[in-house]
Protein chains: 2
Amino acid sequence: MRSLLTTALVAFAASAALAQTKEPIALRDMGSFHIGGRVVEITGQPVKEVVFTPGGVPARVDPNGAYQVEQMYVQYFLPQNRKGKLPLLMWHGGGLTGVTYETKPDGGEGWLTMFIRKGWDVYISDAVERGRSGWTNTFKGEPVFLPQGDPWERFRIGPPGSWNADKAKRTTYPGAQFPVEAYEQFMKQGVPRWTTTDDAIVAAYIALVDKICPCVVMVHSQSGAFGFKVAEARPDKVKALVAVEPTLGGDASKVALLKNTPIFMMFGDNAKDHPRWSKIRQADLDYVGVLRAAGGNVDVVDLPDIGIKGNSHMLMMDKNNAETAELIQKWLAGKGLVE
Amino acid sequence: MRSLLTTALVAFAASAALAQTKEPIALRDMGSFHIGGRVVEITGQPVKEVVFTPGGVPARVDPNGAYQVEQMYVQYFLPQNRKGKLPLLMWHGGGLTGVTYETKPDGGEGWLTMFIRKGWDVYISDAVERGRSGWTNTFKGEPVFLPQGDPWERFRIGPPGSWNADKAKRTTYPGAQFPVEAYEQFMKQGVPRWTTTDDAIVAAYIALVDKICPCVVMVHSQSGAFGFKVAEARPDKVKALVAVEPTLGGDASKVALLKNTPIFMMFGDNAKDHPRWSKIRQADLDYVGVLRAAGGNVDVVDLPDIGIKGNSHMLMMDKNNAETAELIQKWLAGKGLVE
C-alpha cells in the first residue's frame, strides 16, 4: 500500500509545480460566521467611564454582565465549479490563524486559493482565542508570545543554532524551501496563544463539524491533536483527515473509532533528525502503528523519501507549495473524494 | 447642494433593496497580507519550557529577543468585472474587526460582497491589535471587553434602558432595522480593544494607503477618526472618504488639506436625540462646518431625513443594508468614481 502510493506520488510530483495558474476564481458564494462558544457571567466589577477615542465623547461601561467567550471565526469560499465531493475544512497551527493558508509571506499563492481553484468548498477558521475569533480575559494562565528567532529553528527553516538576528548571518538547512527573504513578513502573521484552551478549541471545532460536515479536515501542527480529537468525537462526519506535520496524533485507546477514516500524514524534510521533531514524528508514527493494527487506513509520507526535499514545518508557505498541494489533492482523489 | 443630493437619494432608495442578487462572484484575484508595524527588543526575561500541546513534546522558549508588533492584516478581493475606478478600503469600528463588513450576524449578505459585486477592488483590514492583526503585551494599559448588553443601547438598537438579559424583555427603537434575533451572534464578532493604540493604528493605515492608493476609504465609528487622520496625512492618496457614523471627524486646524477630498457622512436613525450620539453627531457637524467654510466638499445625510428609518449604528448589518450600500454607491458614482 505504502510503496504503491509512493510510486504514484513520485510520478506526478515533477510536473505538479507547473499546475498553478492565475485563472479567475468564480465563487457561487463566499462569507463568514462565528460558531460555538458560551456565555459567562461577571459580577462585582466597578462601572467605568471610557474615552474610546482620544478627544471623543466618554462612554459609561458597566463591565458586569454576560460575556460571550470561546466562539470561533470561520470564512468560506464556495467555487462555482465544485469538484471536491465534501467541504474541506482548513485548521491552522499554534500561534497562528487561518492566514496560514492564505497568500504566502512572500506574496505567492497559498493553499487556500489553490484548493478553491481545485474545486473544493473551503471553510477556513481561526481557532478559539486566535485572530478574528476574539479572546477574553477569562482564559487561565498567560498567553505565549514568540520572539522573531523562535520559529526559525522550531519550524525547521534552519537547524538548531542557525538563527541570527542579522539576516546575513542566518543559515538554513540545505535547499530550504521556506521563502527566507519573507521570514520577517511571516512573523507578522503570529498571534498570542494560551496553553489552557484546548478543550474550548475542540468544542468549537466540533460545533463547526456538526454544522458543515460530512467533510474532509486538514490540520497542521497544533491542530493535529484537535483534528484527531474531533474525528474521534464525530467519526461519522470527518470522512478524511489530512494531517500536515501534526504535533500530536489521536488517542491510542480510541483507534477503533477511526478505522474507517482515511488519514494522510505528511512530514517535511529534516523531521527525522531534528532534536524535537524526531520525537514528535516518532510519537505520531507510534500512534499510526496502533491505528493500523486496529484496521486503520493511514498513509504516511516523509517528503524527502519521495524526492521532495527542503520542506520546513510550514509546508503551505514553502516555495514548492503547489507540488505539496497537488500531492494532497492526488491522495484525496485516490480516496474517491474528487468528482 | 445638500437638497439636490437628498432628492436624488430619495428617488432611488425605494428600489435599492431589490438590487441584491446572488449571482456568482468572479474574482481576478484574492489574497491577504500584513503591513506596517515595527520590531521591539525585549531583554532580561527567563527562558521557559512550554508544553504547547498537552501530552506533547516540551519546547524551549527564550522570550528575549526581537518582537514584531503593531502590524495590520489586510484581505483583498479583486472582481473580474471591475467598475470602481479606485480600490475601496473598508475600515471597521472599535471592538470589532473587518468581519463587520462580511456576512451579517443574521446570515444575510454584508457590504463586503455587495461592493465586490458592484465591481470594487475591496481591501478589508483588521485594525492593529484586533483580529488577524495579532496583539502583543507591549501595549499600554488594559484592553476593554464589552458585556453583551453594552452595544444594544450604545449602538442604538434600543433606546437607553431598553436592554434586558432576557430576550423577551428587550425593546428596540420603533421600526429598528438591526436584526435583533441575531444580536447574540453579533456579539460573537467582538474583540478586545485598547484605548492607547491610536497612533499605531493610524501608522499601519498610512502604510496601507501608501501601498494601495489612490483609493476610496470607507470608515465606520471609531475608524472615522483614523480615516480623517490618514486623509490629512495623505490628501493626495485618499480620493474620497465615506464616513459611516464616525465617532470623531478630522482636525479643524487641518481642514485646508481636505478641501479637495469629497466626503460622504451618514448617520442612522435616532442619532439626533440619543444622549451620547447627539453629542458625537454635533461634534462631527461642527467639524464639517469648519471644513465647508474652507471650501470642503462634504455631503451629510441623516437617513431618516430621506425616508430611511430605523437604522442602528451598525448600518452595514441592518436589514436594509442593500439600500444603504446603494446610497453610498450612488454617491461614489456622482463623484465620478464608477466606470
# chains A, B, ... in the order shown; residues from 1 in each chain; ligands from 1
call {"tool": "interface_residues", "arguments": {"of": "chain A", "to": "chain B", "cutoff": "6 Å", "atoms": "only C-alpha atoms", "output": "list in words"}}
result
Pro24, Ile25, Ala26, Leu27, Arg28, Gly31, Ser32, Phe52, Gly65, Ala66, Tyr67, Thr103, Gly131, Arg132, Gly134, Pro147, Gln148, Val191 and Thr195 of chain A
call {"tool": "write_last_selection", "arguments": {"atoms": "C-alpha atoms", "output": "mmCIF file, in the first residue's frame"}}
result
data_model
loop_
_atom_site.group_PDB
_atom_site.id
_atom_site.type_symbol
_atom_site.label_atom_id
_atom_site.label_comp_id
_atom_site.auth_asym_id
_atom_site.auth_seq_id
_atom_site.Cartn_x
_atom_site.Cartn_y
_atom_site.Cartn_z
ATOM 1 C CA PRO A 24 -10.123 33.958 -12.353
ATOM 2 C CA ILE A 25 -11.788 32.427 -9.309
ATOM 3 C CA ALA A 26 -15.551 32.013 -9.735
ATOM 4 C CA LEU A 27 -17.431 31.594 -6.478
ATOM 5 C CA ARG A 28 -21.066 30.637 -6.132
ATOM 6 C CA GLY A 31 -18.994 34.645 3.512
ATOM 7 C CA SER A 32 -18.210 34.118 7.166
ATOM 8 C CA PHE A 52 -12.679 55.174 23.414
ATOM 9 C CA GLY A 65 -22.955 41.128 32.973
ATOM 10 C CA ALA A 66 -22.815 38.321 30.487
ATOM 11 C CA TYR A 67 -19.823 37.862 28.184
ATOM 12 C CA THR A 103 -1.288 34.277 0.435
ATOM 13 C CA GLY A 131 -7.426 36.117 15.236
ATOM 14 C CA ARG A 132 -10.996 37.002 14.352
ATOM 15 C CA GLY A 134 -11.522 37.166 19.550
ATOM 16 C CA PRO A 147 10.193 36.288 19.571
ATOM 17 C CA GLN A 148 11.313 36.524 15.974
ATOM 18 C CA VAL A 191 -0.798 35.854 17.326
ATOM 19 C CA THR A 195 -1.818 26.697 26.522
#
call {"tool": "residues_around", "arguments": {"residues": "region 208-216 of chain B", "least_positions_apart": "5", "cutoff": "6 Å", "atoms": "only C-alpha atoms", "output": "ChimeraX atom specification"}}
result
/B:86-88,237-241
call {"tool": "residues_around", "arguments": {"residues": "Asn321 (chain A)", "least_positions_apart": "5", "cutoff": "10 Å", "atoms": "only C-alpha atoms", "output": "VMD selection string"}}
result
chain A and resid 16 to 17 20 104 108 to 111 114 177 to 178 311 314 to 316 326 to 327
call {"tool": "residues_around", "arguments": {"residues": "Gly336 (chain B)", "least_positions_apart": "2", "cutoff": "12 Å", "atoms": "only C-alpha atoms", "output": "JSON, numbers by chain"}}
result
{"B": [83, 84, 85, 86, 216, 239, 240, 262, 329, 330, 331, 332, 333, 334, 338, 339]}
call {"tool": "select_by_dssp", "arguments": {"residues": "region 29-212 of chain A", "states": "strand (DSSP E or B)", "output": "number ranges by chain"}}
result
A: 29-35, 38-42, 48-50, 59-61, 65-69, 72-79, 84, 88-91, 122-126, 144, 193
call {"tool": "atom_distance", "arguments": {"atom1": "CA of Asp269 (chain B)", "atom2": "CA of Arg170 (chain B)"}}
result
18.5 Å
call {"tool": "residues_around", "arguments": {"residues": "Lys272 (chain A)", "least_positions_apart": "6", "cutoff": "9 Å", "atoms": "only C-alpha atoms", "output": "PyMOL selection string"}}
result
chain A and resi 278-279+281-282+302
call {"tool": "atom_distance", "arguments": {"atom1": "CA of Asn164 (chain A)", "atom2": "CA of Trp152 (chain A)"}}
result
9.3 Å
call {"tool": "atom_distance", "arguments": {"atom1": "CA of Tyr183 (chain A)", "atom2": "CA of Ile201 (chain A)"}}
result
27.6 Å
call {"tool": "select_by_dssp", "arguments": {"residues": "region 187-236 of chain B", "states": "helix (DSSP H, G or I)", "output": "list in words"}}
result
Met187, Asp198, Asp199, Ala200, Ile201, Val202, Ala203, Ala204, Tyr205, Ile206, Ala207, Leu208, Val209, Asp210, Lys211, Ile212, Ser223, Gly224, Ala225, Phe226, Gly227, Phe228, Lys229, Val230, Ala231, Glu232 and Ala233 of chain B
call {"tool": "write_last_selection", "arguments": {"atoms": "N, CA and C atoms", "output": "PDB file, in the first residue's frame"}}
result
ATOM      1  N   MET B 187     -22.585  39.614  18.865  1.00  0.00           N
ATOM      2  CA  MET B 187     -21.620  39.754  19.963  1.00  0.00           C
ATOM      3  C   MET B 187     -20.440  38.786  19.823  1.00  0.00           C
ATOM      4  N   ASP B 198      -4.063  54.261  19.237  1.00  0.00           N
ATOM      5  CA  ASP B 198      -4.491  55.006  18.047  1.00  0.00           C
ATOM      6  C   ASP B 198      -3.325  55.343  17.115  1.00  0.00           C
ATOM      7  N   ASP B 199      -2.212  55.761  17.684  1.00  0.00           N
ATOM      8  CA  ASP B 199      -1.086  56.158  16.823  1.00  0.00           C
ATOM      9  C   ASP B 199      -0.572  54.972  16.010  1.00  0.00           C
ATOM     10  N   ALA B 200      -0.510  53.814  16.650  1.00  0.00           N
ATOM     11  CA  ALA B 200      -0.040  52.618  15.942  1.00  0.00           C
ATOM     12  C   ALA B 200      -1.039  52.224  14.853  1.00  0.00           C
ATOM     13  N   ILE B 201      -2.323  52.343  15.167  1.00  0.00           N
ATOM     14  CA  ILE B 201      -3.365  52.014  14.187  1.00  0.00           C
ATOM     15  C   ILE B 201      -3.251  52.935  12.975  1.00  0.00           C
ATOM     16  N   VAL B 202      -3.119  54.227  13.234  1.00  0.00           N
ATOM     17  CA  VAL B 202      -3.023  55.197  12.132  1.00  0.00           C
ATOM     18  C   VAL B 202      -1.759  54.943  11.305  1.00  0.00           C
ATOM     19  N   ALA B 203      -0.657  54.630  11.977  1.00  0.00           N
ATOM     20  CA  ALA B 203       0.595  54.363  11.248  1.00  0.00           C
ATOM     21  C   ALA B 203       0.423  53.208  10.272  1.00  0.00           C
ATOM     22  N   ALA B 204      -0.269  52.155  10.702  1.00  0.00           N
ATOM     23  CA  ALA B 204      -0.457  50.999   9.821  1.00  0.00           C
ATOM     24  C   ALA B 204      -1.407  51.347   8.672  1.00  0.00           C
ATOM     25  N   TYR B 205      -2.451  52.122   8.965  1.00  0.00           N
ATOM     26  CA  TYR B 205      -3.351  52.539   7.879  1.00  0.00           C
ATOM     27  C   TYR B 205      -2.598  53.399   6.858  1.00  0.00           C
ATOM     28  N   ILE B 206      -1.713  54.254   7.339  1.00  0.00           N
ATOM     29  CA  ILE B 206      -0.930  55.072   6.403  1.00  0.00           C
ATOM     30  C   ILE B 206      -0.043  54.173   5.535  1.00  0.00           C
ATOM     31  N   ALA B 207       0.544  53.156   6.146  1.00  0.00           N
ATOM     32  CA  ALA B 207       1.365  52.215   5.367  1.00  0.00           C
ATOM     33  C   ALA B 207       0.514  51.526   4.303  1.00  0.00           C
ATOM     34  N   LEU B 208      -0.724  51.189   4.655  1.00  0.00           N
ATOM     35  CA  LEU B 208      -1.628  50.548   3.687  1.00  0.00           C
ATOM     36  C   LEU B 208      -1.957  51.507   2.541  1.00  0.00           C
ATOM     37  N   VAL B 209      -2.289  52.740   2.897  1.00  0.00           N
ATOM     38  CA  VAL B 209      -2.617  53.748   1.878  1.00  0.00           C
ATOM     39  C   VAL B 209      -1.416  53.978   0.955  1.00  0.00           C
ATOM     40  N   ASP B 210      -0.233  54.008   1.522  1.00  0.00           N
ATOM     41  CA  ASP B 210       0.965  54.200   0.697  1.00  0.00           C
ATOM     42  C   ASP B 210       1.171  53.036  -0.265  1.00  0.00           C
ATOM     43  N   LYS B 211       0.709  51.856   0.120  1.00  0.00           N
ATOM     44  CA  LYS B 211       0.878  50.685  -0.743  1.00  0.00           C
ATOM     45  C   LYS B 211      -0.188  50.608  -1.829  1.00  0.00           C
ATOM     46  N   ILE B 212      -1.447  50.907  -1.465  1.00  0.00           N
ATOM     47  CA  ILE B 212      -2.582  50.584  -2.334  1.00  0.00           C
ATOM     48  C   ILE B 212      -3.153  51.784  -3.085  1.00  0.00           C
ATOM     49  N   SER B 223     -13.198  54.173  13.457  1.00  0.00           N
ATOM     50  CA  SER B 223     -12.246  54.413  12.369  1.00  0.00           C
ATOM     51  C   SER B 223     -12.521  55.725  11.645  1.00  0.00           C
ATOM     52  N   GLY B 224     -13.616  56.400  11.996  1.00  0.00           N
ATOM     53  CA  GLY B 224     -13.819  57.748  11.470  1.00  0.00           C
ATOM     54  C   GLY B 224     -12.612  58.620  11.751  1.00  0.00           C
ATOM     55  N   ALA B 225     -12.209  58.651  13.010  1.00  0.00           N
ATOM     56  CA  ALA B 225     -11.050  59.461  13.384  1.00  0.00           C
ATOM     57  C   ALA B 225      -9.809  59.027  12.611  1.00  0.00           C
ATOM     58  N   PHE B 226      -9.648  57.705  12.417  1.00  0.00           N
ATOM     59  CA  PHE B 226      -8.480  57.203  11.690  1.00  0.00           C
ATOM     60  C   PHE B 226      -8.539  57.637  10.220  1.00  0.00           C
ATOM     61  N   GLY B 227      -9.721  57.553   9.637  1.00  0.00           N
ATOM     62  CA  GLY B 227      -9.865  57.926   8.228  1.00  0.00           C
ATOM     63  C   GLY B 227      -9.507  59.386   7.991  1.00  0.00           C
ATOM     64  N   PHE B 228      -9.989  60.263   8.858  1.00  0.00           N
ATOM     65  CA  PHE B 228      -9.667  61.685   8.686  1.00  0.00           C
ATOM     66  C   PHE B 228      -8.179  61.940   8.915  1.00  0.00           C
ATOM     67  N   LYS B 229      -7.613  61.294   9.942  1.00  0.00           N
ATOM     68  CA  LYS B 229      -6.174  61.488  10.212  1.00  0.00           C
ATOM     69  C   LYS B 229      -5.328  61.031   9.019  1.00  0.00           C
ATOM     70  N   VAL B 230      -5.698  59.886   8.464  1.00  0.00           N
ATOM     71  CA  VAL B 230      -4.912  59.350   7.345  1.00  0.00           C
ATOM     72  C   VAL B 230      -5.107  60.226   6.100  1.00  0.00           C
ATOM     73  N   ALA B 231      -6.331  60.705   5.888  1.00  0.00           N
ATOM     74  CA  ALA B 231      -6.578  61.593   4.743  1.00  0.00           C
ATOM     75  C   ALA B 231      -5.788  62.891   4.900  1.00  0.00           C
ATOM     76  N   GLU B 232      -5.699  63.395   6.122  1.00  0.00           N
ATOM     77  CA  GLU B 232      -4.893  64.601   6.370  1.00  0.00           C
ATOM     78  C   GLU B 232      -3.402  64.334   6.087  1.00  0.00           C
ATOM     79  N   ALA B 233      -2.974  63.095   6.419  1.00  0.00           N
ATOM     80  CA  ALA B 233      -1.560  62.743   6.207  1.00  0.00           C
ATOM     81  C   ALA B 233      -1.262  62.451   4.737  1.00  0.00           C
TER      82      ALA B 233
END
call {"tool": "decode", "arguments": {"residues": "region 201-222 of chain A", "atoms": "N, CA, C and O atoms", "output": "JSON list (two decimals), in the first residue's frame"}}
result
[["chain", "number", "residue", "atom", "x", "y", "z"],
["A", 201, "ILE", "N", -11.18, 25.03, 22.26],
["A", 201, "ILE", "CA", -10.89, 24.97, 20.82],
["A", 201, "ILE", "C", -11.58, 23.76, 20.20],
["A", 201, "ILE", "O", -12.24, 23.86, 19.16],
["A", 202, "VAL", "N", -11.43, 22.61, 20.84],
["A", 202, "VAL", "CA", -12.04, 21.38, 20.31],
["A", 202, "VAL", "C", -13.56, 21.49, 20.30],
["A", 202, "VAL", "O", -14.22, 21.08, 19.33],
["A", 203, "ALA", "N", -14.12, 22.08, 21.34],
["A", 203, "ALA", "CA", -15.59, 22.24, 21.39],
["A", 203, "ALA", "C", -16.09, 23.06, 20.20],
["A", 203, "ALA", "O", -17.11, 22.71, 19.58],
["A", 204, "ALA", "N", -15.37, 24.13, 19.86],
["A", 204, "ALA", "CA", -15.81, 24.95, 18.73],
["A", 204, "ALA", "C", -15.62, 24.22, 17.41],
["A", 204, "ALA", "O", -16.47, 24.32, 16.51],
["A", 205, "TYR", "N", -14.53, 23.47, 17.27],
["A", 205, "TYR", "CA", -14.34, 22.69, 16.04],
["A", 205, "TYR", "C", -15.46, 21.64, 15.90],
["A", 205, "TYR", "O", -15.94, 21.39, 14.80],
["A", 206, "ILE", "N", -15.85, 21.03, 17.01],
["A", 206, "ILE", "CA", -16.94, 20.05, 16.95],
["A", 206, "ILE", "C", -18.24, 20.75, 16.51],
["A", 206, "ILE", "O", -18.99, 20.22, 15.68],
["A", 207, "ALA", "N", -18.47, 21.95, 17.03],
["A", 207, "ALA", "CA", -19.66, 22.70, 16.60],
["A", 207, "ALA", "C", -19.62, 22.98, 15.11],
["A", 207, "ALA", "O", -20.64, 22.90, 14.41],
["A", 208, "LEU", "N", -18.43, 23.28, 14.60],
["A", 208, "LEU", "CA", -18.28, 23.54, 13.17],
["A", 208, "LEU", "C", -18.55, 22.27, 12.36],
["A", 208, "LEU", "O", -19.27, 22.30, 11.35],
["A", 209, "VAL", "N", -17.98, 21.17, 12.80],
["A", 209, "VAL", "CA", -18.18, 19.90, 12.10],
["A", 209, "VAL", "C", -19.66, 19.52, 12.11],
["A", 209, "VAL", "O", -20.20, 19.05, 11.11],
["A", 210, "ASP", "N", -20.33, 19.75, 13.22],
["A", 210, "ASP", "CA", -21.76, 19.44, 13.30],
["A", 210, "ASP", "C", -22.57, 20.28, 12.32],
["A", 210, "ASP", "O", -23.61, 19.86, 11.83],
["A", 211, "LYS", "N", -22.08, 21.49, 12.03],
["A", 211, "LYS", "CA", -22.80, 22.38, 11.12],
["A", 211, "LYS", "C", -22.52, 22.06, 9.65],
["A", 211, "LYS", "O", -23.43, 22.09, 8.82],
["A", 212, "ILE", "N", -21.26, 21.76, 9.33],
["A", 212, "ILE", "CA", -20.83, 21.74, 7.93],
["A", 212, "ILE", "C", -20.67, 20.33, 7.37],
["A", 212, "ILE", "O", -20.83, 20.10, 6.17],
["A", 213, "CYS", "N", -20.33, 19.37, 8.20],
["A", 213, "CYS", "CA", -19.88, 18.08, 7.70],
["A", 213, "CYS", "C", -21.04, 17.12, 7.51],
["A", 213, "CYS", "O", -22.11, 17.38, 8.01],
["A", 214, "PRO", "N", -20.82, 16.03, 6.73],
["A", 214, "PRO", "CA", -19.57, 15.33, 6.41],
["A", 214, "PRO", "C", -18.60, 16.19, 5.60],
["A", 214, "PRO", "O", -19.02, 17.00, 4.79],
["A", 215, "CYS", "N", -17.28, 15.93, 5.83],
["A", 215, "CYS", "CA", -16.25, 16.81, 5.27],
["A", 215, "CYS", "C", -14.89, 16.14, 5.34],
["A", 215, "CYS", "O", -14.73, 15.08, 5.93],
["A", 216, "VAL", "N", -13.93, 16.82, 4.74],
["A", 216, "VAL", "CA", -12.52, 16.49, 4.89],
["A", 216, "VAL", "C", -11.92, 17.55, 5.82],
["A", 216, "VAL", "O", -12.19, 18.74, 5.64],
["A", 217, "VAL", "N", -11.14, 17.14, 6.79],
["A", 217, "VAL", "CA", -10.48, 18.09, 7.68],
["A", 217, "VAL", "C", -8.97, 18.06, 7.41],
["A", 217, "VAL", "O", -8.36, 16.99, 7.39],
["A", 218, "MET", "N", -8.41, 19.25, 7.16],
["A", 218, "MET", "CA", -6.96, 19.39, 7.01],
["A", 218, "MET", "C", -6.43, 20.09, 8.25],
["A", 218, "MET", "O", -6.92, 21.15, 8.63],
["A", 219, "VAL", "N", -5.44, 19.46, 8.89],
["A", 219, "VAL", "CA", -4.87, 20.04, 10.10],
["A", 219, "VAL", "C", -3.38, 20.24, 9.92],
["A", 219, "VAL", "O", -2.74, 19.58, 9.10],
["A", 220, "HIS", "N", -2.85, 21.14, 10.70],
["A", 220, "HIS", "CA", -1.41, 21.43, 10.66],
["A", 220, "HIS", "C", -0.89, 21.65, 12.07],
["A", 220, "HIS", "O", -1.53, 22.37, 12.85],
["A", 221, "SER", "N", 0.21, 21.00, 12.39],
["A", 221, "SER", "CA", 0.93, 21.29, 13.63],
["A", 221, "SER", "C", 0.01, 21.12, 14.84],
["A", 221, "SER", "O", -0.56, 20.05, 15.04],
["A", 222, "GLN", "N", -0.19, 22.17, 15.63],
["A", 222, "GLN", "CA", -1.01, 22.06, 16.85],
["A", 222, "GLN", "C", -2.39, 21.49, 16.56],
["A", 222, "GLN", "O", -2.96, 20.77, 17.38]]
